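So this block is query-v6.txt, compact mmCIF, C-alpha atoms:
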```
# COMPACT_ATOMS: atom_id res chain seq x y z
CA MET W 1 -62.33 -34.79 14.16
CA THR W 2 -60.26 -37.83 13.25
CA VAL W 3 -58.42 -37.82 9.93
CA PRO W 4 -59.38 -40.73 7.64
CA PHE W 5 -56.64 -42.74 6.02
CA PHE W 6 -58.17 -42.33 2.54
CA SER W 7 -60.10 -39.56 0.86
CA VAL W 8 -61.82 -41.01 -2.21
CA VAL W 9 -62.57 -38.50 -4.97
CA ILE W 10 -65.16 -39.19 -7.69
CA PRO W 11 -65.74 -36.47 -10.32
CA THR W 12 -69.06 -36.81 -12.11
CA PHE W 13 -71.10 -35.35 -14.95
CA ASN W 14 -74.42 -36.74 -16.23
CA ARG W 15 -73.79 -40.41 -15.44
CA ALA W 16 -76.34 -40.90 -12.68
CA GLU W 17 -76.85 -44.66 -12.90
CA PHE W 18 -73.19 -45.47 -13.45
CA LEU W 19 -72.39 -43.14 -10.56
CA ARG W 20 -74.72 -45.11 -8.30
CA GLU W 21 -72.67 -48.26 -8.93
CA ALA W 22 -69.37 -46.43 -8.43
CA ILE W 23 -70.48 -44.95 -5.09
CA GLN W 24 -71.85 -48.28 -3.87
CA SER W 25 -68.55 -50.00 -4.69
CA VAL W 26 -66.76 -47.51 -2.43
CA LEU W 27 -69.24 -47.60 0.44
CA SER W 28 -69.10 -51.42 0.35
CA GLN W 29 -65.33 -51.58 0.82
CA THR W 30 -64.08 -54.02 3.45
CA TYR W 31 -61.78 -51.22 4.68
CA SER W 32 -63.91 -48.43 6.10
CA ASP W 33 -61.57 -45.62 7.24
CA PHE W 34 -62.28 -43.21 4.42
CA GLU W 35 -64.32 -40.24 3.33
CA LEU W 36 -65.92 -40.22 -0.12
CA ILE W 37 -66.06 -36.88 -1.93
CA VAL W 38 -68.27 -36.77 -5.03
CA VAL W 39 -67.78 -33.59 -7.06
CA ASP W 40 -70.59 -32.78 -9.52
CA ASP W 41 -69.44 -30.81 -12.56
CA GLY W 42 -72.89 -29.34 -13.24
CA SER W 43 -74.93 -32.45 -14.11
CA THR W 44 -78.36 -31.90 -15.66
CA ASP W 45 -79.66 -35.48 -15.25
CA HIS W 46 -80.89 -37.02 -11.96
CA THR W 47 -77.43 -37.14 -10.36
CA SER W 48 -78.64 -35.08 -7.38
CA GLU W 49 -81.39 -37.63 -6.65
CA VAL W 50 -78.86 -40.48 -6.80
CA LEU W 51 -76.60 -38.67 -4.33
CA LYS W 52 -79.50 -38.02 -1.95
CA SER W 53 -80.46 -41.71 -2.02
CA PHE W 54 -77.36 -42.69 -0.01
CA ASN W 55 -77.45 -42.44 3.76
CA ASP W 56 -73.83 -42.70 4.82
CA SER W 57 -71.93 -40.11 6.84
CA ARG W 58 -68.74 -40.85 4.90
CA LEU W 59 -70.29 -39.49 1.68
CA ILE W 60 -69.63 -35.81 1.04
CA THR W 61 -71.08 -34.10 -2.03
CA LYS W 62 -70.02 -30.79 -3.53
CA VAL W 63 -70.41 -28.85 -6.75
CA ASN W 64 -67.30 -28.12 -8.79
CA ASP W 65 -66.36 -24.52 -8.09
CA ARG W 66 -63.18 -24.48 -10.19
CA GLY W 67 -64.29 -25.19 -13.77
CA ASN W 68 -61.77 -26.61 -16.25
CA GLY W 69 -63.38 -30.02 -16.76
CA GLY W 70 -61.93 -33.19 -15.32
CA ALA W 71 -58.80 -31.63 -13.82
CA GLY W 72 -60.72 -28.85 -12.08
CA THR W 73 -63.38 -31.24 -10.84
CA ARG W 74 -60.80 -33.58 -9.32
CA ASN W 75 -58.90 -30.66 -7.83
CA ALA W 76 -62.08 -29.47 -6.12
CA GLY W 77 -62.09 -32.85 -4.37
CA ILE W 78 -58.35 -32.92 -3.71
CA PHE W 79 -58.29 -29.52 -2.05
CA SER W 80 -61.19 -30.37 0.26
CA ALA W 81 -59.79 -33.80 1.19
CA LYS W 82 -58.75 -34.56 4.76
CA GLY W 83 -57.32 -38.06 4.34
CA GLN W 84 -53.65 -39.02 4.43
CA TRP W 85 -53.97 -40.52 0.94
CA VAL W 86 -56.26 -39.46 -1.91
CA ALA W 87 -57.68 -42.30 -4.01
CA PHE W 88 -59.44 -41.65 -7.30
CA LEU W 89 -62.36 -43.38 -9.01
CA ASP W 90 -64.12 -42.44 -12.25
CA ASP W 91 -67.91 -42.18 -12.09
CA ASP W 92 -68.50 -45.11 -14.46
CA ASP W 93 -66.03 -47.60 -12.94
CA ILE W 94 -66.30 -50.00 -10.00
CA TRP W 95 -63.88 -51.07 -7.28
CA PHE W 96 -63.44 -54.63 -6.07
CA PRO W 97 -64.63 -54.85 -2.43
CA ASP W 98 -61.09 -55.25 -1.02
CA LYS W 99 -59.35 -52.60 -3.13
CA LEU W 100 -58.74 -50.11 -0.32
CA GLN W 101 -57.92 -52.85 2.20
CA LYS W 102 -55.12 -54.21 0.04
CA GLN W 103 -53.72 -50.77 -0.69
CA TYR W 104 -53.85 -49.90 3.01
CA GLU W 105 -51.94 -53.03 3.99
CA ILE W 106 -49.17 -52.29 1.50
CA LEU W 107 -48.96 -48.63 2.49
CA GLN W 108 -48.66 -49.46 6.19
CA ALA W 109 -45.27 -51.00 5.46
CA ALA W 110 -44.16 -48.27 3.02
CA GLY W 111 -41.71 -45.54 3.88
CA LYS W 112 -41.91 -41.79 3.21
CA GLU W 113 -40.10 -42.32 -0.07
CA VAL W 114 -43.32 -43.82 -1.50
CA GLY W 115 -45.69 -41.25 -2.93
CA MET W 116 -48.11 -43.22 -5.09
CA ILE W 117 -49.71 -46.65 -5.38
CA TYR W 118 -51.76 -48.25 -8.14
CA THR W 119 -53.30 -51.62 -8.96
CA GLY W 120 -54.25 -53.86 -11.82
CA HIS W 121 -57.68 -53.68 -13.43
CA VAL W 122 -60.05 -55.50 -15.76
CA ARG W 123 -62.12 -53.98 -18.54
CA PHE W 124 -65.73 -55.06 -19.00
CA LYS W 125 -68.69 -54.53 -21.30
CA ASN W 126 -72.29 -54.28 -20.05
CA THR W 127 -71.79 -56.26 -16.80
CA THR W 128 -68.78 -57.10 -14.64
CA ASP W 129 -69.15 -60.74 -15.72
CA ASP W 130 -68.31 -59.69 -19.28
CA VAL W 131 -64.55 -59.11 -18.87
CA TYR W 132 -62.57 -58.80 -22.08
CA GLN W 133 -59.18 -57.48 -20.96
CA THR W 134 -56.96 -57.78 -17.88
CA PHE W 135 -54.12 -55.44 -16.89
CA GLU W 136 -51.60 -56.72 -14.32
CA PRO W 137 -48.86 -54.10 -13.84
CA THR W 138 -45.28 -54.75 -12.76
CA LEU W 139 -43.75 -51.28 -13.09
CA GLN W 140 -42.79 -49.84 -9.70
CA GLY W 141 -39.96 -48.19 -7.79
CA ASP W 142 -38.11 -45.34 -9.48
CA ILE W 143 -40.18 -45.10 -12.66
CA PHE W 144 -39.79 -41.43 -13.58
CA GLU W 145 -37.83 -41.96 -16.81
CA THR W 146 -40.18 -44.71 -18.00
CA LEU W 147 -43.22 -42.51 -17.45
CA LEU W 148 -41.69 -39.73 -19.54
CA TYR W 149 -42.24 -41.89 -22.61
CA LYS W 150 -45.45 -43.74 -21.82
CA ASN W 151 -48.26 -43.85 -19.28
CA SER W 152 -47.69 -47.40 -18.07
CA MET W 153 -50.00 -47.00 -15.06
CA ALA W 154 -53.37 -46.56 -16.86
CA GLY W 155 -56.10 -44.28 -15.48
CA PHE W 156 -56.91 -42.61 -12.17
CA TYR W 157 -59.38 -45.33 -11.14
CA SER W 158 -56.72 -47.47 -9.41
CA VAL W 159 -54.38 -44.77 -8.13
CA ALA W 160 -53.86 -43.27 -4.67
CA VAL W 161 -51.43 -40.43 -3.94
CA ARG W 162 -50.29 -38.95 -0.63
CA ARG W 163 -52.31 -35.83 0.04
CA ASP W 164 -49.35 -33.74 1.17
CA ILE W 165 -47.64 -34.44 -2.16
CA LEU W 166 -50.74 -33.47 -4.15
CA GLU W 167 -50.97 -30.22 -2.23
CA ALA W 168 -47.26 -29.47 -2.69
CA LEU W 169 -47.60 -30.06 -6.45
CA GLY W 170 -50.68 -27.85 -6.68
CA GLY W 171 -52.93 -30.75 -7.67
CA LEU W 172 -53.65 -31.52 -11.30
CA ASP W 173 -52.60 -29.13 -14.06
CA GLU W 174 -55.92 -27.59 -15.13
CA ARG W 175 -54.46 -26.45 -18.44
CA PHE W 176 -54.68 -30.04 -19.70
CA PRO W 177 -58.04 -30.97 -21.29
CA ALA W 178 -56.95 -34.63 -21.14
CA GLN W 179 -54.01 -36.77 -19.92
CA GLN W 180 -53.89 -34.95 -16.59
CA ASP W 181 -53.28 -38.34 -14.98
CA HIS W 182 -50.08 -38.97 -16.96
CA ASP W 183 -48.80 -35.48 -16.19
CA LEU W 184 -49.42 -35.99 -12.46
CA TYR W 185 -47.76 -39.41 -12.46
CA VAL W 186 -44.61 -37.91 -13.99
CA ARG W 187 -44.47 -35.10 -11.44
CA VAL W 188 -44.96 -37.47 -8.50
CA ALA W 189 -42.49 -40.06 -9.80
CA GLN W 190 -39.84 -37.39 -10.29
CA LYS W 191 -39.43 -37.18 -6.50
CA TYR W 192 -41.04 -40.33 -5.04
CA LYS W 193 -41.18 -44.06 -5.51
CA VAL W 194 -44.28 -45.80 -6.84
CA ILE W 195 -45.74 -49.11 -5.65
CA CYS W 196 -47.99 -51.36 -7.72
CA ILE W 197 -50.32 -54.18 -6.75
CA GLN W 198 -50.32 -56.54 -9.71
CA GLU W 199 -53.73 -57.96 -8.84
CA PRO W 200 -56.73 -56.42 -10.68
CA LEU W 201 -58.83 -54.50 -8.14
CA VAL W 202 -60.93 -52.27 -10.42
CA TYR W 203 -63.60 -52.92 -13.02
CA VAL W 204 -63.19 -50.39 -15.84
CA ARG W 205 -66.25 -49.91 -18.02
CA PHE W 206 -65.81 -50.12 -21.80
CA SER W 207 -66.94 -46.99 -23.62
CA GLU W 208 -66.36 -45.95 -27.23
CA THR W 209 -67.47 -42.42 -26.39
CA GLY W 210 -67.86 -40.29 -23.31
CA ARG W 211 -64.40 -40.56 -21.77
CA ILE W 212 -62.53 -37.29 -21.60
CA THR W 213 -59.38 -38.91 -22.97
CA THR W 214 -61.30 -40.08 -26.05
```

Just give me the structure as structure tokens.
Amino acid sequence: MTVPFFSVVIPTFNRAEFLREAIQSVLSQTYSDFELIVVDDGSTDHTSEVLKSFNDSRLITKVNDRGNGGAGTRNAGIFSAKGQWVAFLDDDDIWFPDKLQKQYEILQAAGKEVGMIYTGHVRFKNTTDDVYQTFEPTLQGDIFETLLYKNSMAGFYSVAVRRDILEALGGLDERFPAQQDHDLYVRVAQKYKVICIQEPLVYVRFSETGRITT
């Protein structure tokens, strides 16, 4: 069995219709060498029907067997991933069609000192035409000390990390009910360089409630 370049991990809980859009944005990527792992954290809505509606061999579904909320759900995906790099997407956000392609092209030229890559994003309300905020990052390289004081990379939705590094670090720290992303970024950046793509490549849905961080 060939190893995909990316394993995409989407944790989900009771967001069936948003999840449909998130999955479609991954399956519609212009770069196709990936597996998509959707980990259901015990949804009670029609998430299972949404998952069954897709007919694509790259889509793998599993139930979270670790507990511990967002960190455990993502870890269930991380530890079943086969790809060289693990890319994350939240179940209510949407990737631009060329997100993986552009990350792949950058990573092809990167050395072993690079352990993580992230991109810009835009925030939207209701529809992706209703953009109200744009984030274009510039922070990259040796960013460990900067990250100690502030999460300057935003959320998981734009980030990809080398799988061997994630495994060596033991994945996400499941003791954290929130901010597991910031904790992981610090631990990766302590030993590896980080690359950013300034261009926004993710649509991040506005929500006053429902996000774990909130």

field: One-decimal distance in Å that lies between CA of Asp130 in chain W and CA of Phe13 in chain W
entry: 24.9 Å

- request: Name the residues in contact with Ser53 in chain W at a cut-off of 12 Å, using all atoms listed in the file, excluding same-chain residues fewer than 4 positions from it; report them as a ChimeraX atom specification.
  value: /W:16-17,19-20,23-24,46-49,59

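With distances restricted to all atoms listed in the file, W:Tyr185 is the closest residue to Ile143 in chain W from W:Trp95, W:Phe206, W:Phe54, W:Tyr185.
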
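Using all atoms listed in the file, the smallest distance between any of W:Lys112, W:Val194, W:Ile10, W:Val131 and Ser152 in chain W comes from W:Val194.
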
What are the centre and the three edge lengths of an axis-aligned box that wraps all atoms of range 82-89 of chain W in the file, given that 3 Å is added to every side, written as JSON and rounded to one decimal in Å?
```
{"center_x": -58.0, "center_y": -39.0, "center_z": -2.1, "size_x": 14.7, "size_y": 14.8, "size_z": 19.8}
```

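Proximity ranking of W:Ser80, W:Gln29, W:Gln180, W:Thr127 relative to Asp65 in chain W places W:Ser80 first, based on only C-alpha atoms.
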
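When all atoms listed in the file are used to compute distances to Ser57 in chain W, the closest of the residues W:Arg187, W:Phe6, W:Ala154, W:Phe34 turns out to be W:Phe34.
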
field: Atom-to-atom span, CA of Asp91 in chain W and CA of Ile165 in chain W, Å
entry: 23.9 Å

Provide range 35-52 of chain W rebuilt to N, CA and C atoms, formatted as a PDB file, in the frame of the given file.
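Saved result, selection.pdb, follows:
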```pdb
ATOM      1  N   GLU W  35     -63.231 -41.133   3.701  1.00  0.00           N
ATOM      2  CA  GLU W  35     -64.320 -40.240   3.330  1.00  0.00           C
ATOM      3  C   GLU W  35     -64.456 -40.320   1.815  1.00  0.00           C
ATOM      4  N   LEU W  36     -65.664 -40.167   1.320  1.00  0.00           N
ATOM      5  CA  LEU W  36     -65.920 -40.220  -0.120  1.00  0.00           C
ATOM      6  C   LEU W  36     -66.448 -38.867  -0.567  1.00  0.00           C
ATOM      7  N   ILE W  37     -65.693 -38.201  -1.430  1.00  0.00           N
ATOM      8  CA  ILE W  37     -66.060 -36.880  -1.930  1.00  0.00           C
ATOM      9  C   ILE W  37     -66.489 -37.010  -3.383  1.00  0.00           C
ATOM     10  N   VAL W  38     -67.762 -36.753  -3.656  1.00  0.00           N
ATOM     11  CA  VAL W  38     -68.270 -36.770  -5.030  1.00  0.00           C
ATOM     12  C   VAL W  38     -68.437 -35.319  -5.478  1.00  0.00           C
ATOM     13  N   VAL W  39     -67.755 -34.966  -6.556  1.00  0.00           N
ATOM     14  CA  VAL W  39     -67.780 -33.590  -7.060  1.00  0.00           C
ATOM     15  C   VAL W  39     -68.576 -33.564  -8.363  1.00  0.00           C
ATOM     16  N   ASP W  40     -69.710 -32.867  -8.356  1.00  0.00           N
ATOM     17  CA  ASP W  40     -70.590 -32.780  -9.520  1.00  0.00           C
ATOM     18  C   ASP W  40     -70.180 -31.578 -10.379  1.00  0.00           C
ATOM     19  N   ASP W  41     -69.885 -31.855 -11.636  1.00  0.00           N
ATOM     20  CA  ASP W  41     -69.440 -30.810 -12.560  1.00  0.00           C
ATOM     21  C   ASP W  41     -70.624 -30.210 -13.331  1.00  0.00           C
ATOM     22  N   GLY W  42     -71.735 -29.992 -12.616  1.00  0.00           N
ATOM     23  CA  GLY W  42     -72.890 -29.340 -13.240  1.00  0.00           C
ATOM     24  C   GLY W  42     -73.819 -30.273 -13.982  1.00  0.00           C
ATOM     25  N   SER W  43     -74.055 -31.476 -13.448  1.00  0.00           N
ATOM     26  CA  SER W  43     -74.930 -32.450 -14.110  1.00  0.00           C
ATOM     27  C   SER W  43     -76.346 -31.907 -14.284  1.00  0.00           C
ATOM     28  N   THR W  44     -76.977 -32.306 -15.390  1.00  0.00           N
ATOM     29  CA  THR W  44     -78.360 -31.900 -15.660  1.00  0.00           C
ATOM     30  C   THR W  44     -79.310 -33.096 -15.663  1.00  0.00           C
ATOM     31  N   ASP W  45     -78.802 -34.293 -15.359  1.00  0.00           N
ATOM     32  CA  ASP W  45     -79.660 -35.480 -15.250  1.00  0.00           C
ATOM     33  C   ASP W  45     -80.100 -35.614 -13.787  1.00  0.00           C
ATOM     34  N   HIS W  46     -80.401 -36.828 -13.337  1.00  0.00           N
ATOM     35  CA  HIS W  46     -80.890 -37.020 -11.960  1.00  0.00           C
ATOM     36  C   HIS W  46     -79.766 -37.408 -10.999  1.00  0.00           C
ATOM     37  N   THR W  47     -78.566 -36.887 -11.242  1.00  0.00           N
ATOM     38  CA  THR W  47     -77.430 -37.140 -10.360  1.00  0.00           C
ATOM     39  C   THR W  47     -77.727 -36.715  -8.925  1.00  0.00           C
ATOM     40  N   SER W  48     -78.367 -35.572  -8.738  1.00  0.00           N
ATOM     41  CA  SER W  48     -78.640 -35.080  -7.380  1.00  0.00           C
ATOM     42  C   SER W  48     -79.534 -36.050  -6.614  1.00  0.00           C
ATOM     43  N   GLU W  49     -80.515 -36.664  -7.304  1.00  0.00           N
ATOM     44  CA  GLU W  49     -81.390 -37.630  -6.650  1.00  0.00           C
ATOM     45  C   GLU W  49     -80.612 -38.892  -6.257  1.00  0.00           C
ATOM     46  N   VAL W  50     -79.688 -39.315  -7.117  1.00  0.00           N
ATOM     47  CA  VAL W  50     -78.860 -40.480  -6.800  1.00  0.00           C
ATOM     48  C   VAL W  50     -78.026 -40.189  -5.552  1.00  0.00           C
ATOM     49  N   LEU W  51     -77.430 -39.023  -5.482  1.00  0.00           N
ATOM     50  CA  LEU W  51     -76.600 -38.670  -4.330  1.00  0.00           C
ATOM     51  C   LEU W  51     -77.430 -38.625  -3.043  1.00  0.00           C
ATOM     52  N   LYS W  52     -78.642 -38.116  -3.124  1.00  0.00           N
ATOM     53  CA  LYS W  52     -79.500 -38.020  -1.950  1.00  0.00           C
ATOM     54  C   LYS W  52     -80.003 -39.386  -1.477  1.00  0.00           C
TER      55      LYS W  52
END
```
